[in-house]
Each structure stands twice: as C-alpha cells, then as structure tokens.
Amino acid sequence: MYIPVLLRPIIFALFLILNFSCNAVNSEQKNLEFILPKSFEQIYLAKFGLDFPKTVDALNRCIQYNDKQCLKAYNEVTEGKKTIQSVSSSHALETTLNIIEKACLSKDENLANFTCYGGIISLYFYSSSEQDAKILERIKIYPKKIKNMIFDNEFYWFYNRPNKDAWINAVSTMNVDWENDTYKQHILSLFRKSIEEANGETWVSK
Amino acid sequence: MENFIILIGGPGLFMGCDKAHDQRWSNYIVPLQLAAMKDLYNKQPKEVIHWVLYEPPYKKRWEADSIITKTEEKEDDGYNLHSIRKLATDKLLAAGGTSYINKIQTIAKTYSIQYKGINQPEDFWNYLLSLRDNSISRVWYSGHASGDGLMLALTHNSTCQAAAFPNDIINKSDILKKSVLVKKFIKNPKQVSKFYGCYTEGFAKTWNGVFGVSTAGAKNKIDFGVVDTPSNIANIMERIEKTPTSLGNPDWTEYK
C-alpha cells in the first residue's frame with residue numbers, strides 16, 4: 001500500500017501515541033496489581049486486626065493513652081485507605097474484583113486471608129451507581145465459595161450501597177449457605193441501613 | 001447435671017517483633033487453672049466444668065517452640081526470643097508433659113474438668129448442640145477477642161500487626177445463626193456467662209439477647225497478665241475484670 005510521503009510522519013506519530021498510551025495502560029495495570037494487595041493487607045486490620053480501634057471511642061482512648069499498638073494499627077489502616085482512595089477508579093475496581101476472585105480461591109494462606117478479605121473490605125470505597133452495579137454483577141457470577149465468604153461476615157460496604165433494593169433483591173435469592181433465616185434477614189437488614197448507622201467505624205468515618 | 005462450658009482460645013506464635021502479645025503460651029490457661037485451684041468458679045453442686053480448647057494454635061506454638069529450643073541455643077535475634085521459649089518447654093518437659101495440649105489436659109484432669117479439644121470454631125457450636133436440652137448453666141471464654149468476635153487464634157501480617165484469620169473467629173453475628181441452641185440453656189440461670197477477651201461487651205450483649213441468659217464482657221481492653229501483678233483483688237477473674245490496662249478501665253459490663 002502506497003502512503004504519501006507527507007502522511008508518513010503523521011502516521012508514525014499516531015503509532016507512537018497509541019503505543020505509548022497502551023504501554024501506559026499496561027503500566028498502570030501492573031502498578032495497581034502491585035499497590036492494591038499491599039493496601040488490602042493494611043485495611044484487613046480494620047475488621048480482623050486485634051489492636052485496631054473499631055469505634056471512635058476506642059480511637060479516642062488510643063490517642064488519650066498513647067497506646068502504641070493501637071495507634072500503629074490505626075495508622076496502617078489509614079495508609080491503606082488513602083492509597084486505595086488515591087487510585088479509586090473503574091479500572092481499580094475491575095482489578096480489585098479480579099484480585100478478590102483469584103485470592104479468595106487461593107491455597108496460599110496470606111492471599112486467601114489478607115488479600116482476599118482486605119479486597120472485599122475495600123469495596124466500601126466504590127459507591128457510585130456505576131461501580132455499585134459492577135460489583136453486584138460480578139458477585140452474582142463469583143463461585144459459591146466466595147459468595148459464602150462475603151455474606152458470612154458483616155462488611156461496612158453493605159451499608160453504603162446506592163441501589164439498596166437491587167442488593168436486597170439479588171442477595172435474598174443468591175445461592176448462599178445462610179444456615180438459618182434469622183442470619184439471612186440480619187445481613188439483608190444491613191443493606192437497608194445507612195452508613196450513619198455504622199456505629200462509629202473509625203476507618204470509614206475519619 | 002448442669003454444664004458449665006469454658007471455651008479457651010489460643011496464643012499466636014512467639015514473635016520477637018510483637019512484645020505486646022503472647023510472650024507466654026499459657027496466657028489463657030493460667031487464670032483458669034488458678035480459678036480451679038482456688039475454687040473461684042463458684043461451682044454449683046450440680047455443675048460439671050468443661051474446658052473446650054481450640055487446639056490448632058497450641059499445636060503450632062508447641063511445634064515452633066520445641067523445635068527452636070532443640071535446634072538453637074543462643075539468642076541471635078536481639079529479641080530475647082529463645083530463652084523464653086526454652087524456659088517454657090523445658091519446664092513442661094521436666095514436669096513430665098509432652099506438649100502444651102498434653103499439659104492442659106493434665107491440668108483439666110487434676111481438677112476433674114472435662115476436656116474437649118476442637119479444631120474449628122464450628123466444633124464449639126456442635127459441642128453445645130451435643131449437650132442435653134436445658135443443661136447449660138453458663139459459658140465462659142478466655143482468649144483474644146475484638147469488637148467483631150472471639151479470636152480463637154492469632155496471626156501476624158508482614159508488618160508484625162496482630163490479627164486473626166476469619167476461619168479462627170467466632171463472629172458476634174454467628175450467635176444469630178445458632179439461635180436454635182437456646183433450648184440447651186437453663187432458663188434464668190443464677191450464674192453469669194462471661195467472655196474474658198478485649199472488647200467482648202457486644203458479643204456478651206448479643207449472647208444475652210439470643211439465648212436469654214445473663215452475660216458479661218469488657219467494653220475495653222483487658223489484660224490477662226494481671227494474674228502476676230500485685231493487687232488488692234484476690235480473685236484472679238475479678239482482677240482481670242477490674243484492673244486498668246494500657247487503655248484505661250476495662251469497663252466490665254453485665255447484661256441481665
């Protein structure tokens with residue numbers, strides 16, 4: 001195919017730009033895959049950490065008594081939270097949902113705990129309607145094991161879903177081992193609540 | 001016969017980087033042993049005491065401690081690591097024990113306490129389910145905990161922060177799943193179910209609400225180490241309930 005001489009530099013420049021932007025996307029992707037698991041390990045402490053101050057009252061005591069374990073745990077969670085918020089985007093959400101699927105099914109103890117559950121906790125930071133719909137659609141097609149892992153716990157992102165009805169409808173018919181209806185109704189009730197009812201969860205409220 | 005169940009959580013591995021937790025393997029056993037020795041359980045004539053031990057952390061800790069003491073003699077990590085572990089295992093072996101679990105079983109036997117080893121949190125519920133209806137007088141817990149539930153074992157992340165894996169936790173919300181067990185509890189018992197762990201007040205409240213029995217737990221942190229410190233409070237369990245920690249008063253709270 002003949003390409004006029006004058007057009008050749010323009011086409012080359014376009015090629016470079018496209019190539020650069022693809023590389024940038026790949027680089028950003030790799031960056032997220034590196035950054036997010038580390039942050040998940042940090043915010044894991046917000047729910048499963050021994051020393052993390054889970055209420056504002058506990059945080060205030062922690063500051064008042066200058067308790068080092070407690071402050072260290074709080075600072076670690078805060079750092080993880082800030083990192084996730086700094087990359088929070090549709091692209092980061094997609095990566096998070098992929099990491100959750102891979103980590104939660106992993107036989108590696110650290111991946112199956114710190115990364116998996118930290119990733120699930122981080123869904124709190126994706127609360128736009130579009131992100132919310134994306135999370136729900138993905139959870140619907142997660143293997144049952146992951147669905148059980150999610151709904152076997154109380155996560156604070158249950159409170160801050162913008163489309164509460166969509167979640168209540170979907171979760172109430174989802175294939176999950178609920179054990180009994182009391183527990184199922186309890187989890188569904190969390191989706192009906194607002195985040196203001198999260199009783200002073202410090203890592204989300206501060 | 002009435003059943004008084006004591007669930008016992010376990011320690012994490014000895015971590016030189018974490019001086020605040022589980023320097024000793026026996027933190028959650030010693031107060032219960034002293035309570036048995038000094039008759040502090042206020043045991044009723046009809047009551048049979050059961051120690052339900054979450055065994056995995058004790059197995060792991062014994063393996064780690066005994067291997068270290070056998071293979072390494074000098075302290076080369078700067079954390080005074082091996083001498084503490086060596087002391088614990090030497091003492092136990094010299095007394096004729098073979099492992100931490102074996103030692104706990106021996107203590108239980110000495111005080112006519114029924115021993116039950118469990119390997120997962122679900123086993124605890126199954127044990128309660130196996131008991132006769134209207135026979136549980138009270139349930140106690142001794143171990144790590146957080147506001148979300150009882151942490152039956154402890155682990156550490158890559159920055160040496162103490163945490164638990166979800167599979168080692170009895171969540172506060174798990175009580176709702178087990179509401180069927182209400183028939184196992186004696187109605188209006190005189191004794192209180194007590195949860196000796198940090199921030200167990202919410203767990204105690206939910207237990208009270210679901211099973212309809214008197215409960216108590218700590219609003220703040222508690223410290224099992226107070227059994228070794230001088231105090232005006234002679235009763236070890238009461239001392240744990242009342243002695244201020246690095247985060248102030250435990251705020252021991254009862255639900256009736």
# chains A, B, ... in the order shown; residues from 1 in each chain; ligands from 1
$ select_by_dssp --residues "region 191-255 of chain B" --states "strand (DSSP E or B)" --output "ChimeraX atom specification"
/B:193-196,215-218,245,248,252-255
$ interface_residues --of "chain A" --to "chain B" --cutoff "8 Å" --atoms "only C-alpha atoms" --output "ChimeraX atom specification"
/A:41,45,47-51,54,58,61-62,65,67,69,73,113-114,153-154,179-180,182-183
$ write_last_selection --atoms "N, CA and C atoms" --output "PDB file, in the first residue's frame"
ATOM      1  N   GLU A  41      -3.913  -5.752  52.544  1.00  0.00           N
ATOM      2  CA  GLU A  41      -3.336  -6.312  53.774  1.00  0.00           C
ATOM      3  C   GLU A  41      -3.449  -5.289  54.913  1.00  0.00           C
ATOM      4  N   LEU A  45      -6.809  -5.115  58.667  1.00  0.00           N
ATOM      5  CA  LEU A  45      -6.754  -4.909  60.121  1.00  0.00           C
ATOM      6  C   LEU A  45      -7.993  -4.199  60.659  1.00  0.00           C
ATOM      7  N   LYS A  47     -10.989  -4.829  60.172  1.00  0.00           N
ATOM      8  CA  LYS A  47     -12.011  -5.790  60.604  1.00  0.00           C
ATOM      9  C   LYS A  47     -11.422  -6.938  61.422  1.00  0.00           C
ATOM     10  N   PHE A  48     -10.249  -7.388  61.035  1.00  0.00           N
ATOM     11  CA  PHE A  48      -9.703  -8.592  61.662  1.00  0.00           C
ATOM     12  C   PHE A  48      -8.453  -8.324  62.498  1.00  0.00           C
ATOM     13  N   GLY A  49      -8.089  -7.056  62.661  1.00  0.00           N
ATOM     14  CA  GLY A  49      -6.916  -6.723  63.470  1.00  0.00           C
ATOM     15  C   GLY A  49      -7.246  -6.783  64.952  1.00  0.00           C
ATOM     16  N   LEU A  50      -6.278  -7.180  65.750  1.00  0.00           N
ATOM     17  CA  LEU A  50      -6.514  -7.288  67.198  1.00  0.00           C
ATOM     18  C   LEU A  50      -6.520  -5.925  67.876  1.00  0.00           C
ATOM     19  N   ASP A  51      -5.649  -5.037  67.426  1.00  0.00           N
ATOM     20  CA  ASP A  51      -5.467  -3.772  68.143  1.00  0.00           C
ATOM     21  C   ASP A  51      -6.146  -2.574  67.486  1.00  0.00           C
ATOM     22  N   LYS A  54     -11.914   0.049  66.770  1.00  0.00           N
ATOM     23  CA  LYS A  54     -13.046  -0.085  65.853  1.00  0.00           C
ATOM     24  C   LYS A  54     -14.142   0.958  66.028  1.00  0.00           C
ATOM     25  N   ALA A  58     -13.007   4.088  71.025  1.00  0.00           N
ATOM     26  CA  ALA A  58     -11.760   3.328  71.173  1.00  0.00           C
ATOM     27  C   ALA A  58     -10.583   4.117  70.592  1.00  0.00           C
ATOM     28  N   ARG A  61      -9.579   6.800  73.067  1.00  0.00           N
ATOM     29  CA  ARG A  61      -8.802   6.216  74.177  1.00  0.00           C
ATOM     30  C   ARG A  61      -7.379   5.934  73.729  1.00  0.00           C
ATOM     31  N   CYS A  62      -7.294   5.427  72.541  1.00  0.00           N
ATOM     32  CA  CYS A  62      -5.999   5.080  71.951  1.00  0.00           C
ATOM     33  C   CYS A  62      -5.087   6.319  71.899  1.00  0.00           C
ATOM     34  N   TYR A  65      -4.358   7.621  75.680  1.00  0.00           N
ATOM     35  CA  TYR A  65      -3.364   6.826  76.415  1.00  0.00           C
ATOM     36  C   TYR A  65      -2.092   6.581  75.606  1.00  0.00           C
ATOM     37  N   ASP A  67      -1.495   4.700  73.159  1.00  0.00           N
ATOM     38  CA  ASP A  67      -1.259   3.255  73.081  1.00  0.00           C
ATOM     39  C   ASP A  67      -0.616   2.915  71.725  1.00  0.00           C
ATOM     40  N   GLN A  69       0.361   0.050  70.133  1.00  0.00           N
ATOM     41  CA  GLN A  69      -0.197  -0.990  69.249  1.00  0.00           C
ATOM     42  C   GLN A  69      -1.427  -0.478  68.501  1.00  0.00           C
ATOM     43  N   ALA A  73      -1.761   0.221  64.464  1.00  0.00           N
ATOM     44  CA  ALA A  73      -2.795  -0.444  63.654  1.00  0.00           C
ATOM     45  C   ALA A  73      -3.654   0.598  62.935  1.00  0.00           C
ATOM     46  N   ASN A 113      -6.419 -14.898  52.916  1.00  0.00           N
ATOM     47  CA  ASN A 113      -6.920 -14.140  54.071  1.00  0.00           C
ATOM     48  C   ASN A 113      -6.689 -12.644  53.895  1.00  0.00           C
ATOM     49  N   PHE A 114      -5.436 -12.213  54.031  1.00  0.00           N
ATOM     50  CA  PHE A 114      -5.164 -10.768  53.987  1.00  0.00           C
ATOM     51  C   PHE A 114      -5.629 -10.133  52.666  1.00  0.00           C
ATOM     52  N   ASN A 153     -19.886 -12.694  56.723  1.00  0.00           N
ATOM     53  CA  ASN A 153     -19.353 -11.589  57.530  1.00  0.00           C
ATOM     54  C   ASN A 153     -20.229 -10.355  57.372  1.00  0.00           C
ATOM     55  N   GLU A 154     -20.050  -9.425  58.299  1.00  0.00           N
ATOM     56  CA  GLU A 154     -20.730  -8.127  58.172  1.00  0.00           C
ATOM     57  C   GLU A 154     -19.702  -7.127  57.675  1.00  0.00           C
ATOM     58  N   GLU A 179     -27.452 -20.814  56.662  1.00  0.00           N
ATOM     59  CA  GLU A 179     -27.616 -21.538  57.937  1.00  0.00           C
ATOM     60  C   GLU A 179     -29.025 -21.382  58.509  1.00  0.00           C
ATOM     61  N   ASN A 180     -29.485 -20.153  58.671  1.00  0.00           N
ATOM     62  CA  ASN A 180     -30.898 -20.002  59.051  1.00  0.00           C
ATOM     63  C   ASN A 180     -31.425 -18.654  58.562  1.00  0.00           C
ATOM     64  N   THR A 182     -32.861 -16.290  60.208  1.00  0.00           N
ATOM     65  CA  THR A 182     -32.561 -15.149  61.102  1.00  0.00           C
ATOM     66  C   THR A 182     -31.289 -14.451  60.630  1.00  0.00           C
ATOM     67  N   TYR A 183     -30.269 -15.267  60.336  1.00  0.00           N
ATOM     68  CA  TYR A 183     -28.994 -14.687  59.908  1.00  0.00           C
ATOM     69  C   TYR A 183     -29.134 -14.016  58.534  1.00  0.00           C
TER      70      TYR A 183
END
$ atom_distance --atom1 "CA of Gly16 (chain B)" --atom2 "CA of Gly118 (chain A)"
25.2 Å
$ closest_residue --among "B:Leu87, B:Ala64, B:Val30, B:Met1" --to "Val226 (chain B)" --atoms "only C-alpha atoms"
B:Val30
$ residues_around --residues "Val182 (chain B)" --least-positions-apart "5" --cutoff "8 Å" --atoms "only C-alpha atoms" --output "JSON, numbers by chain"
{"B": [210, 211, 212]}
$ closest_atom_pairs --of "region 142-238 of chain B" --to "region 33-37 of chain B" --cutoff "10 Å" --atoms "only C-alpha atoms" --output "Markdown table"
| residue | atom | partner | partner_atom | distance |
| --- | --- | --- | --- | --- |
| B:Val227 | CA | B:Leu34 | CA | 8.9 |
| B:Asn235 | CA | B:Ala35 | CA | 7.9 |
| B:Ile236 | CA | B:Ala35 | CA | 6.9 |
| B:Met237 | CA | B:Ala35 | CA | 7.3 |
$ select_by_dssp --residues "region 86-165 of chain A" --states "alpha helix (DSSP H)" --output "PyMOL selection string"
chain A and resi 86-87+90-104+109-110+116-121+129-141+144-151+164-165
$ write_last_selection --atoms "C-alpha atoms" --output "short mmCIF file (atom, residue, chain, number, x, y, z; two decimals), in the first residue's frame"
data_model
loop_
_atom_site.label_atom_id
_atom_site.label_comp_id
_atom_site.auth_asym_id
_atom_site.auth_seq_id
_atom_site.Cartn_x
_atom_site.Cartn_y
_atom_site.Cartn_z
CA SER A 86 -5.92 7.71 45.55
CA VAL A 87 -6.36 5.02 42.87
CA SER A 90 -13.41 1.94 37.49
CA HIS A 91 -10.10 0.48 36.43
CA ALA A 92 -9.04 -0.07 40.03
CA LEU A 93 -12.43 -1.62 40.81
CA GLU A 94 -12.08 -4.08 37.95
CA THR A 95 -8.62 -5.01 39.20
CA THR A 96 -9.93 -5.36 42.76
CA LEU A 97 -12.73 -7.68 41.67
CA ASN A 98 -10.21 -9.80 39.74
CA ILE A 99 -7.82 -9.92 42.71
CA ILE A 100 -10.66 -10.95 45.05
CA GLU A 101 -11.63 -13.84 42.77
CA LYS A 102 -8.08 -15.08 42.46
CA ALA A 103 -7.02 -14.55 46.11
CA CYS A 104 -10.16 -15.93 47.76
CA GLU A 109 -2.79 -18.62 53.48
CA ASN A 110 -1.81 -14.96 53.15
CA CYS A 116 -8.98 -11.78 49.80
CA TYR A 117 -10.76 -10.24 52.78
CA GLY A 118 -8.87 -6.96 52.54
CA GLY A 119 -10.07 -6.73 48.92
CA ILE A 120 -13.65 -7.41 49.98
CA ILE A 121 -13.40 -4.74 52.71
CA SER A 129 -24.15 3.82 40.94
CA GLU A 130 -21.99 2.54 38.11
CA GLN A 131 -19.42 0.96 40.44
CA ASP A 132 -22.17 -0.46 42.62
CA ALA A 133 -23.81 -2.18 39.65
CA LYS A 134 -20.47 -3.56 38.55
CA ILE A 135 -19.78 -5.06 41.99
CA LEU A 136 -23.21 -6.67 42.17
CA GLU A 137 -22.97 -8.16 38.69
CA ARG A 138 -19.55 -9.61 39.48
CA ILE A 139 -20.59 -11.07 42.84
CA LYS A 140 -23.54 -12.76 41.14
CA ILE A 141 -21.12 -14.75 38.99
CA LYS A 144 -20.41 -20.00 45.63
CA LYS A 145 -17.39 -20.29 47.91
CA ILE A 146 -16.66 -16.57 47.52
CA LYS A 147 -20.31 -15.63 47.96
CA ASN A 148 -20.28 -17.55 51.25
CA MET A 149 -17.08 -15.82 52.34
CA ILE A 150 -18.66 -12.43 51.67
CA PHE A 151 -22.00 -12.99 53.34
CA LYS A 164 -30.17 -0.84 48.11
CA ASP A 165 -33.20 -2.52 46.51
#
$ atom_distance --atom1 "CA of Ser193 (chain B)" --atom2 "CA of Ile136 (chain B)"
10.1 Å
$ residues_around --residues "region 6-12 of chain B" --least-positions-apart "5" --cutoff "8 Å" --atoms "only C-alpha atoms" --output "ChimeraX atom specification"
/B:21-22,25-29,49-58,61,124,139-144,151-155
